[in-house]
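Engineer: Just work11.cif, nothing more (mmCIF, C-alpha atoms, pLDDT in the B column; chains and numbers go by the auth columns):
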data_entry
#
loop_
_atom_site.group_PDB
_atom_site.id
_atom_site.type_symbol
_atom_site.label_atom_id
_atom_site.label_comp_id
_atom_site.label_asym_id
_atom_site.label_seq_id
_atom_site.Cartn_x
_atom_site.Cartn_y
_atom_site.Cartn_z
_atom_site.B_iso_or_equiv
_atom_site.auth_seq_id
_atom_site.auth_asym_id
ATOM 1 C CA MET A 1 -11.793 8.461 -7.024 47.00 1 A
ATOM 2 C CA ARG A 2 -12.393 8.964 -3.321 74.00 2 A
ATOM 3 C CA LEU A 3 -16.128 9.387 -2.860 83.00 3 A
ATOM 4 C CA VAL A 4 -16.856 7.283 0.201 88.00 4 A
ATOM 5 C CA THR A 5 -15.244 9.575 2.804 87.00 5 A
ATOM 6 C CA PRO A 6 -17.206 12.696 1.746 91.00 6 A
ATOM 7 C CA ILE A 7 -20.417 10.649 1.690 91.00 7 A
ATOM 8 C CA HIS A 8 -19.800 9.411 5.236 90.00 8 A
ATOM 9 C CA ALA A 9 -18.976 12.941 6.414 91.00 9 A
ATOM 10 C CA HIS A 10 -22.207 14.229 4.861 93.00 10 A
ATOM 11 C CA LEU A 11 -24.262 11.472 6.512 93.00 11 A
ATOM 12 C CA ALA A 12 -22.508 12.014 9.869 91.00 12 A
ATOM 13 C CA GLU A 13 -23.414 15.717 9.814 94.00 13 A
ATOM 14 C CA ARG A 14 -27.061 14.648 9.689 95.00 14 A
ATOM 15 C CA GLY A 15 -26.706 11.762 12.159 93.00 15 A
ATOM 16 C CA LEU A 16 -27.525 9.263 9.407 94.00 16 A
ATOM 17 C CA GLN A 17 -24.312 7.255 9.055 89.00 17 A
ATOM 18 C CA PRO A 18 -24.971 3.513 8.778 93.00 18 A
ATOM 19 C CA ASP A 19 -23.285 0.794 10.828 94.00 19 A
ATOM 20 C CA CYS A 20 -22.489 -1.024 7.601 94.00 20 A
ATOM 21 C CA HIS A 21 -22.131 0.429 4.099 94.00 21 A
ATOM 22 C CA LEU A 22 -22.149 -1.984 1.139 93.00 22 A
ATOM 23 C CA VAL A 23 -20.329 -0.696 -1.944 91.00 23 A
ATOM 24 C CA ASP A 24 -19.488 -1.899 -5.425 89.00 24 A
ATOM 25 C CA ALA A 25 -16.037 -2.825 -6.752 81.00 25 A
ATOM 26 C CA GLY A 26 -13.586 0.049 -6.738 78.00 26 A
ATOM 27 C CA TYR A 27 -15.048 1.879 -3.754 84.00 27 A
ATOM 28 C CA ALA A 28 -13.739 -0.411 -1.016 83.00 28 A
ATOM 29 C CA THR A 29 -10.038 0.365 -1.132 81.00 29 A
ATOM 30 C CA ALA A 30 -7.924 -0.482 1.901 77.00 30 A
ATOM 31 C CA ARG A 31 -7.653 3.242 2.640 79.00 31 A
ATOM 32 C CA GLU A 32 -11.421 3.762 2.467 85.00 32 A
ATOM 33 C CA VAL A 33 -12.157 0.744 4.690 86.00 33 A
ATOM 34 C CA VAL A 34 -9.766 2.002 7.381 83.00 34 A
ATOM 35 C CA THR A 35 -10.911 5.625 7.081 85.00 35 A
ATOM 36 C CA ALA A 36 -14.609 4.719 7.265 89.00 36 A
ATOM 37 C CA ARG A 37 -14.066 2.708 10.423 90.00 37 A
ATOM 38 C CA ARG A 38 -11.685 5.157 12.091 89.00 38 A
ATOM 39 C CA MET A 39 -13.480 8.419 11.279 90.00 39 A
ATOM 40 C CA HIS A 40 -17.135 7.401 11.148 91.00 40 A
ATOM 41 C CA LYS A 41 -17.395 3.976 12.837 92.00 41 A
ATOM 42 C CA VAL A 42 -18.822 2.569 9.603 93.00 42 A
ATOM 43 C CA ASN A 43 -17.962 -0.934 8.393 92.00 43 A
ATOM 44 C CA LEU A 44 -17.336 -0.470 4.682 91.00 44 A
ATOM 45 C CA MET A 45 -17.890 -3.721 2.803 92.00 45 A
ATOM 46 C CA GLY A 46 -17.293 -4.526 -0.829 89.00 46 A
ATOM 47 C CA PRO A 47 -14.893 -6.264 -3.181 87.00 47 A
ATOM 48 C CA ILE A 48 -11.362 -4.858 -3.057 76.00 48 A
ATOM 49 C CA LEU A 49 -9.772 -4.686 -6.485 73.00 49 A
ATOM 50 C CA ALA A 50 -6.854 -6.973 -7.218 72.00 50 A
ATOM 51 C CA SER A 51 -3.414 -5.539 -7.875 72.00 51 A
ATOM 52 C CA THR A 52 -2.839 -4.421 -11.460 74.00 52 A
ATOM 53 C CA SER A 53 0.956 -4.145 -11.267 77.00 53 A
ATOM 54 C CA TRP A 54 3.077 -5.682 -14.015 78.00 54 A
ATOM 55 C CA GLN A 55 4.533 -8.060 -11.422 78.00 55 A
ATOM 56 C CA THR A 56 1.105 -9.480 -10.659 75.00 56 A
ATOM 57 C CA ARG A 57 0.214 -9.793 -14.351 76.00 57 A
ATOM 58 C CA ASP A 58 3.572 -11.236 -15.453 77.00 58 A
ATOM 59 C CA GLY A 59 4.219 -13.678 -12.585 78.00 59 A
ATOM 60 C CA GLY A 60 6.646 -11.464 -10.726 83.00 60 A
ATOM 61 C CA PHE A 61 6.906 -10.591 -7.059 85.00 61 A
ATOM 62 C CA SER A 62 4.256 -8.296 -5.621 80.00 62 A
ATOM 63 C CA GLN A 63 4.330 -6.229 -2.444 79.00 63 A
ATOM 64 C CA ALA A 64 2.914 -9.245 -0.614 80.00 64 A
ATOM 65 C CA ASP A 65 6.181 -11.108 -1.332 86.00 65 A
ATOM 66 C CA PHE A 66 8.188 -8.618 0.745 89.00 66 A
ATOM 67 C CA ALA A 67 8.269 -8.741 4.555 92.00 67 A
ATOM 68 C CA VAL A 68 8.069 -5.287 6.128 91.00 68 A
ATOM 69 C CA ASP A 69 9.587 -4.733 9.573 92.00 69 A
ATOM 70 C CA TRP A 70 7.973 -1.421 10.548 88.00 70 A
ATOM 71 C CA VAL A 71 9.786 -1.165 13.866 92.00 71 A
ATOM 72 C CA ASN A 72 13.296 -1.574 12.410 94.00 72 A
ATOM 73 C CA ARG A 73 12.358 0.171 9.161 93.00 73 A
ATOM 74 C CA GLN A 74 13.579 -2.650 6.944 94.00 74 A
ATOM 75 C CA VAL A 75 12.156 -4.732 4.136 94.00 75 A
ATOM 76 C CA THR A 76 13.204 -8.292 3.326 95.00 76 A
ATOM 77 C CA CYS A 77 12.748 -9.461 -0.257 91.00 77 A
ATOM 78 C CA ALA A 78 11.457 -12.866 -1.348 88.00 78 A
ATOM 79 C CA ASN A 79 15.069 -14.081 -1.632 89.00 79 A
ATOM 80 C CA GLY A 80 16.124 -12.867 1.826 92.00 80 A
ATOM 81 C CA ALA A 81 17.974 -9.649 0.949 93.00 81 A
ATOM 82 C CA ILE A 82 17.447 -6.868 3.499 94.00 82 A
ATOM 83 C CA SER A 83 16.912 -3.268 2.411 94.00 83 A
ATOM 84 C CA SER A 84 19.638 -0.725 3.062 94.00 84 A
ATOM 85 C CA ARG A 85 17.493 2.422 2.936 93.00 85 A
ATOM 86 C CA TRP A 86 13.980 3.342 4.081 94.00 86 A
ATOM 87 C CA ILE A 87 12.507 6.442 2.480 92.00 87 A
ATOM 88 C CA GLU A 88 9.183 7.910 3.605 90.00 88 A
ATOM 89 C CA ASP A 89 7.659 9.709 0.653 88.00 89 A
ATOM 90 C CA ARG A 90 4.378 10.610 -1.042 83.00 90 A
ATOM 91 C CA SER A 91 2.819 8.964 -4.091 81.00 91 A
ATOM 92 C CA GLN A 92 1.680 10.985 -7.095 81.00 92 A
ATOM 93 C CA GLU A 93 -1.763 11.046 -5.458 74.00 93 A
ATOM 94 C CA GLY A 94 -0.308 12.415 -2.219 75.00 94 A
ATOM 95 C CA THR A 95 -0.628 9.192 -0.232 75.00 95 A
ATOM 96 C CA ALA A 96 2.098 8.432 2.311 79.00 96 A
ATOM 97 C CA VAL A 97 4.339 5.656 0.988 84.00 97 A
ATOM 98 C CA VAL A 98 7.535 3.911 1.987 86.00 98 A
ATOM 99 C CA ARG A 99 10.193 3.197 -0.601 89.00 99 A
ATOM 100 C CA ALA A 100 12.824 0.633 0.293 90.00 100 A
ATOM 101 C CA ARG A 101 16.170 0.502 -1.447 91.00 101 A
ATOM 102 C CA PHE A 102 18.215 -2.683 -1.572 91.00 102 A
ATOM 103 C CA PRO A 103 22.010 -2.811 -1.824 91.00 103 A
ATOM 104 C CA THR A 104 23.265 -3.100 -5.406 88.00 104 A
ATOM 105 C CA ALA A 105 25.535 -5.953 -4.330 90.00 105 A
ATOM 106 C CA SER A 106 22.462 -7.977 -3.300 88.00 106 A
ATOM 107 C CA CYS A 107 20.029 -6.878 -5.964 86.00 107 A
ATOM 108 C CA ARG A 108 21.938 -6.675 -9.244 85.00 108 A
ATOM 109 C CA PRO A 109 23.260 -10.286 -9.318 88.00 109 A
ATOM 110 C CA CYS A 110 19.973 -11.781 -8.063 89.00 110 A
ATOM 111 C CA LYS A 111 18.586 -14.487 -10.357 88.00 111 A
ATOM 112 C CA SER A 112 15.036 -13.336 -9.579 87.00 112 A
ATOM 113 C CA ARG A 113 15.662 -9.650 -10.344 85.00 113 A
ATOM 114 C CA GLU A 114 13.362 -9.629 -13.402 84.00 114 A
ATOM 115 C CA GLN A 115 10.470 -10.755 -11.191 85.00 115 A
ATOM 116 C CA CYS A 116 11.083 -7.870 -8.829 83.00 116 A
ATOM 117 C CA THR A 117 12.022 -4.717 -10.707 80.00 117 A
ATOM 118 C CA ARG A 118 12.498 -3.313 -14.180 77.00 118 A
ATOM 119 C CA SER A 119 14.949 -0.720 -12.930 73.00 119 A
ATOM 120 C CA ASN A 120 18.366 -0.846 -14.571 68.00 120 A
ATOM 121 C CA SER A 121 20.188 0.979 -11.828 58.00 121 A
ATOM 122 C CA LYS A 122 18.704 0.665 -8.352 51.00 122 A
ATOM 123 C CA GLY A 123 17.271 -1.981 -6.095 48.00 123 A
ATOM 124 C CA ASP A 124 14.127 0.003 -5.300 53.00 124 A
ATOM 125 C CA VAL A 125 10.736 -1.342 -4.380 54.00 125 A
ATOM 126 C CA GLY A 126 7.708 0.771 -3.647 51.00 126 A
ATOM 127 C CA PRO A 127 5.512 2.610 -3.325 45.00 127 A
ATOM 128 C CA SER A 128 3.650 0.859 -0.581 48.00 128 A
ATOM 129 C CA ASP A 129 0.344 2.219 0.575 45.00 129 A
ATOM 130 C CA HIS A 130 0.316 -0.169 3.490 48.00 130 A
ATOM 131 C CA PRO A 131 0.393 1.948 6.643 47.00 131 A
ATOM 132 C CA PRO A 132 2.559 0.940 9.577 47.00 132 A
ATOM 133 C CA PRO A 133 0.758 -0.968 12.315 43.00 133 A
ATOM 134 C CA THR A 134 -0.420 1.054 15.262 41.00 134 A
ATOM 135 C CA SER A 135 1.560 -1.132 17.657 37.00 135 A
ATOM 136 C CA GLY A 136 4.270 -3.730 17.298 38.00 136 A
ATOM 137 C CA VAL A 137 5.303 -5.418 14.091 35.00 137 A
#
Written as structure tokens, that's how I'd like the structure from this file.

Structural biologist:
Amino acid sequence: MRLVTPIHAHLAERGLQPDCHLVDAGYATAREVVTARRMHKVNLMGPILASTSWQTRDGGFSQADFAVDWVNRQVTCANGAISSRWIEDRSQEGTAVVRARFPTASCRPCKSREQCTRSNSKGDVGPSDHPPPTSGV
């Protein structure tokens, strides 16, 4: 539910946007924090929800365990394998995401595979809603 951006736009139309906007859990997503600052110069503050992925719940690798090299368009897994494909895509919600594919020769025999993916065929990770940095790596 993306309510913060329309609220800030409505307040901006009236010249009433705050410098700081305190919100409850669920409203301060990474996307909303960046958008509020970039579009309306509002510091959005509130608890960001923890990841709910199966990897986080079951002790597997999360997106934080992968190093993303935005400049070279590569991802390195927790065990050092480097992705072979970089696919820019959209999530089901329409958000820009990057999907990295790892070579089968590196991924399939990996002893940590169960912590990384449940896929039986491909070494895919993603989606990632982490945007590339504006400059550098």

Engineer: Please report the interatomic distance between CA of Ala81 (chain A) and CA of Ala67 (chain A) in Å with one decimal.

Structural biologist: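 Straight-line distance from CA of Ala81 (chain A) to CA of Ala67 (chain A) works out to 10.4 Å.
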
Engineer: Just give me the gap between CA of His40 (chain A) and CA of Thr5 (chain A) in Å, one decimal is fine.

Structural biologist: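 If I compute the distance from CA of His40 (chain A) to CA of Thr5 (chain A), I get 8.8 Å.
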
Engineer: Please expand the PyMOL selection byres ((chain A and resi 23) around 12) into the concrete residues it hits in this file, giving the result as a compact mmCIF listing (two decimals) with C-alpha atoms, in the frame of the given file.

Structural biologist:
# COMPACT_ATOMS: atom_id res chain seq x y z
CA LEU A 3 -16.13 9.39 -2.86
CA VAL A 4 -16.86 7.28 0.20
CA ILE A 7 -20.42 10.65 1.69
CA CYS A 20 -22.49 -1.02 7.60
CA HIS A 21 -22.13 0.43 4.10
CA LEU A 22 -22.15 -1.98 1.14
CA ASP A 24 -19.49 -1.90 -5.42
CA ALA A 25 -16.04 -2.82 -6.75
CA GLY A 26 -13.59 0.05 -6.74
CA TYR A 27 -15.05 1.88 -3.75
CA ALA A 28 -13.74 -0.41 -1.02
CA THR A 29 -10.04 0.36 -1.13
CA GLU A 32 -11.42 3.76 2.47
CA VAL A 33 -12.16 0.74 4.69
CA ASN A 43 -17.96 -0.93 8.39
CA LEU A 44 -17.34 -0.47 4.68
CA MET A 45 -17.89 -3.72 2.80
CA GLY A 46 -17.29 -4.53 -0.83
CA PRO A 47 -14.89 -6.26 -3.18
CA ILE A 48 -11.36 -4.86 -3.06

Engineer: Distance cut-off 9 Å, centre (3.6, -13.2, -0.7) in file coordinates, counting all atoms listed in the file: which residues qualify? Return them as a PDB file with C-alpha atoms, keeping the file's coordinate frame.

Structural biologist:
ATOM      1  CA  PHE A  61       6.906 -10.591  -7.059  1.00 85.00           C
ATOM      2  CA  SER A  62       4.256  -8.296  -5.621  1.00 80.00           C
ATOM      3  CA  GLN A  63       4.330  -6.229  -2.444  1.00 79.00           C
ATOM      4  CA  ALA A  64       2.914  -9.245  -0.614  1.00 80.00           C
ATOM      5  CA  ASP A  65       6.181 -11.108  -1.332  1.00 86.00           C
ATOM      6  CA  PHE A  66       8.188  -8.618   0.745  1.00 89.00           C
ATOM      7  CA  ALA A  67       8.269  -8.741   4.555  1.00 92.00           C
ATOM      8  CA  ALA A  78      11.457 -12.866  -1.348  1.00 88.00           C
TER       9      ALA A  78
END

Engineer: Could you spell out the hits of the PyMOL selection byres ((chain A and resi 54) around 12) on the shown file, as a list of chain:residue names?

Structural biologist: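 In the shown coordinates, the PyMOL selection byres ((chain A and resi 54) around 12) covers A:Ser51, A:Thr52, A:Ser53, A:Gln55, A:Thr56, A:Arg57, A:Asp58, A:Gly59, A:Gly60, A:Phe61, A:Ser62, A:Gln63, A:Glu114, A:Gln115, A:Cys116, A:Thr117, A:Arg118.
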
Engineer: With C-alpha atoms retained, could you export that selection as a compact mmCIF listing (two decimals), in the frame of the given file?

Structural biologist:
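Output file again-v8.txt is given in full below:
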# COMPACT_ATOMS: atom_id res chain seq x y z
CA SER A 51 -3.41 -5.54 -7.88
CA THR A 52 -2.84 -4.42 -11.46
CA SER A 53 0.96 -4.14 -11.27
CA GLN A 55 4.53 -8.06 -11.42
CA THR A 56 1.10 -9.48 -10.66
CA ARG A 57 0.21 -9.79 -14.35
CA ASP A 58 3.57 -11.24 -15.45
CA GLY A 59 4.22 -13.68 -12.58
CA GLY A 60 6.65 -11.46 -10.73
CA PHE A 61 6.91 -10.59 -7.06
CA SER A 62 4.26 -8.30 -5.62
CA GLN A 63 4.33 -6.23 -2.44
CA GLU A 114 13.36 -9.63 -13.40
CA GLN A 115 10.47 -10.76 -11.19
CA CYS A 116 11.08 -7.87 -8.83
CA THR A 117 12.02 -4.72 -10.71
CA ARG A 118 12.50 -3.31 -14.18

Engineer: From the options A:Arg73, A:Arg38, A:His10, A:Arg31, which residue's atoms come nearest to Ala96 (chain A), counting only C-alpha atoms?

Structural biologist: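 Using only C-alpha atoms, Ala96 (chain A) sits closest to A:Arg31.
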
Engineer: Apply the PyMOL selection byres ((chain A and resi 9) around 12) to the displayed file and report the matching residues as number ranges by chain.

Structural biologist: A: 3-8, 10-18, 35-36, 39-42

Engineer: Hey, can you check how far CA of Glu88 (chain A) sits from CA of Thr76 (chain A)?

Structural biologist: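 Separation between CA of Glu88 (chain A) and CA of Thr76 (chain A): 16.7 Å.
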
Engineer: I need the residue nearest Asp69 (chain A) from this list: A:Leu49, A:Ile82, A:Phe102, A:Lys111. Use only C-alpha atoms for the distance.

Structural biologist: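 Answer, going by the shortest atom-to-atom distance: A:Ile82.
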
Engineer: Let me make sure I understand: among A:Ala100, A:Val71, A:Cys110, A:Ala30, which one has the smallest atom-to-atom distance to Ala50 (chain A) if we use all atoms listed in the file?

Structural biologist: A:Ala30
